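Worksheet for the structure shown next.
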Amino acid sequence: VTGTPLASLREGYRALVFGATGGIGEALVSQLAADPRCANVFAVGRAPQEHGGKVEGAIFDLEDEASIVDAVGRATANGEIDLVIVATGLLHDDAIKPERNWRALDADILAKSFRINAIGPALVAKHVLTHLARGRKSVFAALSARVSSISDNRLGGWHAYRASKAALNMLIRNFAIELAMRNREAVCVGLHPGTVDTPMSRPFQANVPDGKLFSPEKSAACLISVIDGLTSADSGKLIAWDGAEIGF
Ligand SMILES: NC(=O)c1ccc[n+]([C@@H]2O[C@H](COP(=O)([O-])OP(=O)(O)OC[C@H]3O[C@@H](n4cnc5c(N)ncnc54)[C@H](OP(=O)(O)O)[C@@H]3O)[C@@H](O)[C@H]2O)c1
């Protein structure tokens with residue numbers, strides 16, 4: 001699966017992807033790099049990666065603000081950025097399992113989830129939004145999740161993940177309001193990538209209906225096409241891989 005060219009951004013656009021070593025992040029980097037309209041992709045990941053051609057790498061950690069400043073500094077040294085995608089996130093790791101009930105709540109896990117899913121992306125925004133191109137369409141998109149929607153929540157559980165992504169949605173809405181004062185054509189959105197076959201979803205794929213589990217490449221292609229169709233009227237919203245708005 002390959003992405004369509006991002007025709008709504010300027011010819012020679014410059015893109016910055018945080019979380020370039022993740023399942024979806026990696027697919028986004030390679031599809032943006034394959035877009036003939038794209039001049040540069042800055043692929044920012046926790047671990048160093050081999051890159052070449054129009055892809056340049058940088059390393060960062062969401063829990064280290066100085067590393068975010070450094071990565072943004074490198075990416076913006078040669079000019080403005082047209083597209084920023086934050087493709088990081090945390091649902092589980094060796095020490096963290098999504099909670100099934102309130103008895104499982106743990107203060108450290110809640111704090112860690114907020115640090116990775118809300119505070120880290122907010123710090124990325126803090127340092128990168130001033131470098132988003134003005135006077136033309138530019139996009140800041142952070143990957144959120146359908147389960148962050150409060151109005152759509154009928155299953156419960158996954159307290160730390162749902163709550164930290166809901167906090168991310170609020171920050172995105174706030175940044176959208178502020179960004180519009182700087183550039184009326186700017187777009188700031190949360191994106192739901194679908195259920196995607198990556199390490200994040202792997203333990204939870206058993207109940208996914210046939211045909212509903214996307215490859216990272218398919219999800220990335222859908223997200224790029226959604227980003228292409230976004231206008232400032234969409235800014236501040238949570239939008240799914242198929243372009244449909246998800247109510248908060
Ligand atoms: N997969 C799905 O079904 C699904 C569904 C809904 C929403 N999402 C969202 O989509 C986004 C991408 O998820 P994915 O499926 O691609 O998961 P993934 O493969 O697990 O990728 C997660 C990424 O987050 C990075 N990350 C975690 N902690 C970090 C930190 N402290 N500093 C910097 N980077 C950090 C990881 O870095 P390392 O590579 O170094 O570990 C990795 O690049 C997430 O926001 C997720 O919530 C995914």
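Ordering of the structure tokens sets the chain letters (A, B, ...), residue numbers begin anew at 1 in every chain, and ligands are numbered from 1 in the order given.
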Do you have, as a Markdown table, the list of residues of chain A lying at most 7 Å from ligand 1, each with its nearest atom pair and that distance in Å to one decimal, counting only C-alpha atoms and all ligand atoms and ordered by chain then number?
```
| residue | atom | partner | partner_atom_place_in_ligand_line | distance |
| --- | --- | --- | --- | --- |
| A:Gly19 | CA | ligand 1 | 43 (O) | 3.8 |
| A:Ala20 | CA | ligand 1 | 43 (O) | 5.5 |
| A:Thr21 | CA | ligand 1 | 43 (O) | 4.2 |
| A:Gly22 | CA | ligand 1 | 43 (O) | 3.2 |
| A:Gly23 | CA | ligand 1 | 19 (O) | 3.7 |
| A:Ile24 | CA | ligand 1 | 16 (O) | 3.8 |
| A:Gly25 | CA | ligand 1 | 16 (O) | 5.7 |
| A:Gly45 | CA | ligand 1 | 34 (N) | 6.1 |
| A:Arg46 | CA | ligand 1 | 40 (O) | 4.3 |
| A:Ala47 | CA | ligand 1 | 40 (O) | 5.7 |
| A:Phe60 | CA | ligand 1 | 33 (C) | 6.1 |
| A:Asp61 | CA | ligand 1 | 32 (N) | 3.6 |
| A:Leu62 | CA | ligand 1 | 32 (N) | 3.8 |
| A:Glu63 | CA | ligand 1 | 31 (N) | 5.3 |
| A:Ala87 | CA | ligand 1 | 12 (C) | 4.7 |
| A:Thr88 | CA | ligand 1 | 24 (O) | 3.3 |
| A:Gly89 | CA | ligand 1 | 45 (O) | 3.7 |
| A:Leu90 | CA | ligand 1 | 27 (C) | 5.6 |
| A:Leu91 | CA | ligand 1 | 47 (O) | 6.6 |
| A:Ile116 | CA | ligand 1 | 31 (N) | 5.8 |
| A:Asn117 | CA | ligand 1 | 45 (O) | 6.9 |
| A:Leu143 | CA | ligand 1 | 45 (O) | 4.4 |
| A:Ser144 | CA | ligand 1 | 45 (O) | 5.2 |
| A:Ala145 | CA | ligand 1 | 7 (C) | 4.1 |
| A:Arg146 | CA | ligand 1 | 6 (C) | 6.5 |
| A:His192 | CA | ligand 1 | 7 (C) | 5.5 |
| A:Pro193 | CA | ligand 1 | 6 (C) | 5.6 |
| A:Gly194 | CA | ligand 1 | 5 (C) | 5.4 |
| A:Thr195 | CA | ligand 1 | 3 (O) | 3.4 |
| A:Val196 | CA | ligand 1 | 3 (O) | 3.8 |
| A:Asp197 | CA | ligand 1 | 1 (N) | 5.9 |
| A:Thr198 | CA | ligand 1 | 15 (O) | 4.8 |
| A:Pro199 | CA | ligand 1 | 20 (O) | 4.9 |
| A:Met200 | CA | ligand 1 | 20 (O) | 4.2 |
| A:Ser201 | CA | ligand 1 | 3 (O) | 4.8 |
```
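Of the residues listed (A:Ala180, A:Ala233, A:Thr76, A:Ile224), A:Ile224 shows the shortest atom-to-atom separation from Ala33 in chain A; distances use only C-alpha atoms.
Among the candidate residues A:Ala34, A:Met181, A:Leu83, A:Ala163, the one lying nearest to Pro5 in chain A is A:Ala34, with distances computed using only C-alpha atoms.
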| query | Counting only C-alpha atoms, what is within 7 Å of range 52-56 of chain A, bar same-chain residues fewer than 6 positions away, as number ranges by chain? | reply | A: 33, 39-43
Go ahead and save the picked residues with N, CA and C atoms, as a PDB file, in the first residue's frame.
```pdb
ATOM      1  N   ALA A  33       8.247   9.847   2.515  1.00  0.00           N
ATOM      2  CA  ALA A  33       9.494   9.911   1.745  1.00  0.00           C
ATOM      3  C   ALA A  33       9.255   9.527   0.282  1.00  0.00           C
ATOM      4  N   ALA A  39       9.907  17.246   0.209  1.00  0.00           N
ATOM      5  CA  ALA A  39      11.340  17.534   0.076  1.00  0.00           C
ATOM      6  C   ALA A  39      12.167  16.857   1.160  1.00  0.00           C
ATOM      7  N   ASN A  40      11.663  16.863   2.393  1.00  0.00           N
ATOM      8  CA  ASN A  40      12.421  16.316   3.533  1.00  0.00           C
ATOM      9  C   ASN A  40      11.480  15.674   4.526  1.00  0.00           C
ATOM     10  N   VAL A  41      11.915  14.558   5.102  1.00  0.00           N
ATOM     11  CA  VAL A  41      11.215  13.985   6.247  1.00  0.00           C
ATOM     12  C   VAL A  41      12.208  13.878   7.389  1.00  0.00           C
ATOM     13  N   PHE A  42      11.874  14.459   8.531  1.00  0.00           N
ATOM     14  CA  PHE A  42      12.689  14.284   9.732  1.00  0.00           C
ATOM     15  C   PHE A  42      12.033  13.187  10.547  1.00  0.00           C
ATOM     16  N   ALA A  43      12.762  12.100  10.716  1.00  0.00           N
ATOM     17  CA  ALA A  43      12.225  10.926  11.396  1.00  0.00           C
ATOM     18  C   ALA A  43      12.820  10.892  12.794  1.00  0.00           C
TER      19      ALA A  43
END
```
| In range 8-163 of chain A, what's helix (DSSP H, G or I) per DSSP? Answer as a PyMOL selection string? | chain A and resi 23-33+65-76+102-104+107-131+146-148+159-163
Can I get the selection written as a PDB file, in the first residue's frame, with C-alpha atoms?
```pdb
ATOM      1  CA  GLY A  23       4.595   0.557  13.706  1.00  0.00           C
ATOM      2  CA  ILE A  24       2.503   3.395  12.278  1.00  0.00           C
ATOM      3  CA  GLY A  25       5.276   6.019  12.542  1.00  0.00           C
ATOM      4  CA  GLU A  26       7.672   3.977  10.429  1.00  0.00           C
ATOM      5  CA  ALA A  27       5.041   3.446   7.719  1.00  0.00           C
ATOM      6  CA  LEU A  28       4.263   7.187   7.734  1.00  0.00           C
ATOM      7  CA  VAL A  29       7.951   8.062   7.279  1.00  0.00           C
ATOM      8  CA  SER A  30       8.401   5.740   4.320  1.00  0.00           C
ATOM      9  CA  GLN A  31       5.187   6.854   2.599  1.00  0.00           C
ATOM     10  CA  LEU A  32       5.982  10.541   3.062  1.00  0.00           C
ATOM     11  CA  ALA A  33       9.494   9.911   1.745  1.00  0.00           C
ATOM     12  CA  GLU A  65      12.099  18.047  27.076  1.00  0.00           C
ATOM     13  CA  ALA A  66      15.666  19.037  26.141  1.00  0.00           C
ATOM     14  CA  SER A  67      15.762  16.197  23.603  1.00  0.00           C
ATOM     15  CA  ILE A  68      12.527  17.506  22.041  1.00  0.00           C
ATOM     16  CA  VAL A  69      14.042  21.002  21.788  1.00  0.00           C
ATOM     17  CA  ASP A  70      17.132  19.511  20.153  1.00  0.00           C
ATOM     18  CA  ALA A  71      15.165  17.443  17.606  1.00  0.00           C
ATOM     19  CA  VAL A  72      12.930  20.389  16.680  1.00  0.00           C
ATOM     20  CA  GLY A  73      16.009  22.604  16.366  1.00  0.00           C
ATOM     21  CA  ARG A  74      17.611  20.227  13.875  1.00  0.00           C
ATOM     22  CA  ALA A  75      14.432  19.818  11.860  1.00  0.00           C
ATOM     23  CA  THR A  76      13.782  23.558  11.625  1.00  0.00           C
ATOM     24  CA  TRP A 102     -10.677   0.611  39.233  1.00  0.00           C
ATOM     25  CA  ARG A 103      -8.992  -1.785  41.659  1.00  0.00           C
ATOM     26  CA  ALA A 104      -6.108  -2.062  39.194  1.00  0.00           C
ATOM     27  CA  ALA A 107      -0.576   6.093  40.539  1.00  0.00           C
ATOM     28  CA  ASP A 108       2.754   5.503  38.795  1.00  0.00           C
ATOM     29  CA  ILE A 109       1.106   3.889  35.757  1.00  0.00           C
ATOM     30  CA  LEU A 110      -1.414   6.725  35.518  1.00  0.00           C
ATOM     31  CA  ALA A 111       1.407   9.265  35.723  1.00  0.00           C
ATOM     32  CA  LYS A 112       3.500   7.434  33.123  1.00  0.00           C
ATOM     33  CA  SER A 113       0.533   7.176  30.734  1.00  0.00           C
ATOM     34  CA  PHE A 114      -0.126  10.901  31.049  1.00  0.00           C
ATOM     35  CA  ARG A 115       3.586  11.645  30.532  1.00  0.00           C
ATOM     36  CA  ILE A 116       3.716   9.647  27.290  1.00  0.00           C
ATOM     37  CA  ASN A 117       0.223  10.154  25.850  1.00  0.00           C
ATOM     38  CA  ALA A 118      -0.527  13.757  26.839  1.00  0.00           C
ATOM     39  CA  ILE A 119       2.406  15.677  28.344  1.00  0.00           C
ATOM     40  CA  GLY A 120       5.034  14.508  25.821  1.00  0.00           C
ATOM     41  CA  PRO A 121       2.951  15.413  22.739  1.00  0.00           C
ATOM     42  CA  ALA A 122       2.084  18.744  24.436  1.00  0.00           C
ATOM     43  CA  LEU A 123       5.795  19.502  24.858  1.00  0.00           C
ATOM     44  CA  VAL A 124       6.377  18.628  21.202  1.00  0.00           C
ATOM     45  CA  ALA A 125       3.623  21.121  20.323  1.00  0.00           C
ATOM     46  CA  LYS A 126       5.140  23.708  22.673  1.00  0.00           C
ATOM     47  CA  HIS A 127       8.392  23.677  20.711  1.00  0.00           C
ATOM     48  CA  VAL A 128       7.240  22.943  17.166  1.00  0.00           C
ATOM     49  CA  LEU A 129       4.060  24.994  16.657  1.00  0.00           C
ATOM     50  CA  THR A 130       6.007  28.257  16.266  1.00  0.00           C
ATOM     51  CA  HIS A 131       7.897  26.641  13.379  1.00  0.00           C
ATOM     52  CA  ARG A 146     -11.300   6.283  19.318  1.00  0.00           C
ATOM     53  CA  VAL A 147     -11.353   5.004  22.912  1.00  0.00           C
ATOM     54  CA  SER A 148     -10.400   8.505  24.091  1.00  0.00           C
ATOM     55  CA  HIS A 159      -8.438   3.881  32.546  1.00  0.00           C
ATOM     56  CA  ALA A 160      -4.949   5.323  32.134  1.00  0.00           C
ATOM     57  CA  TYR A 161      -4.902   5.049  28.328  1.00  0.00           C
ATOM     58  CA  ARG A 162      -8.418   6.438  27.805  1.00  0.00           C
ATOM     59  CA  ALA A 163      -7.941   9.290  30.277  1.00  0.00           C
TER      60      ALA A 163
END
```
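When only C-alpha atoms are used to compute distances to Gly156 in chain A, the closest of the residues A:Lys218, A:Arg184, A:Arg100, A:His51 turns out to be A:Arg100.
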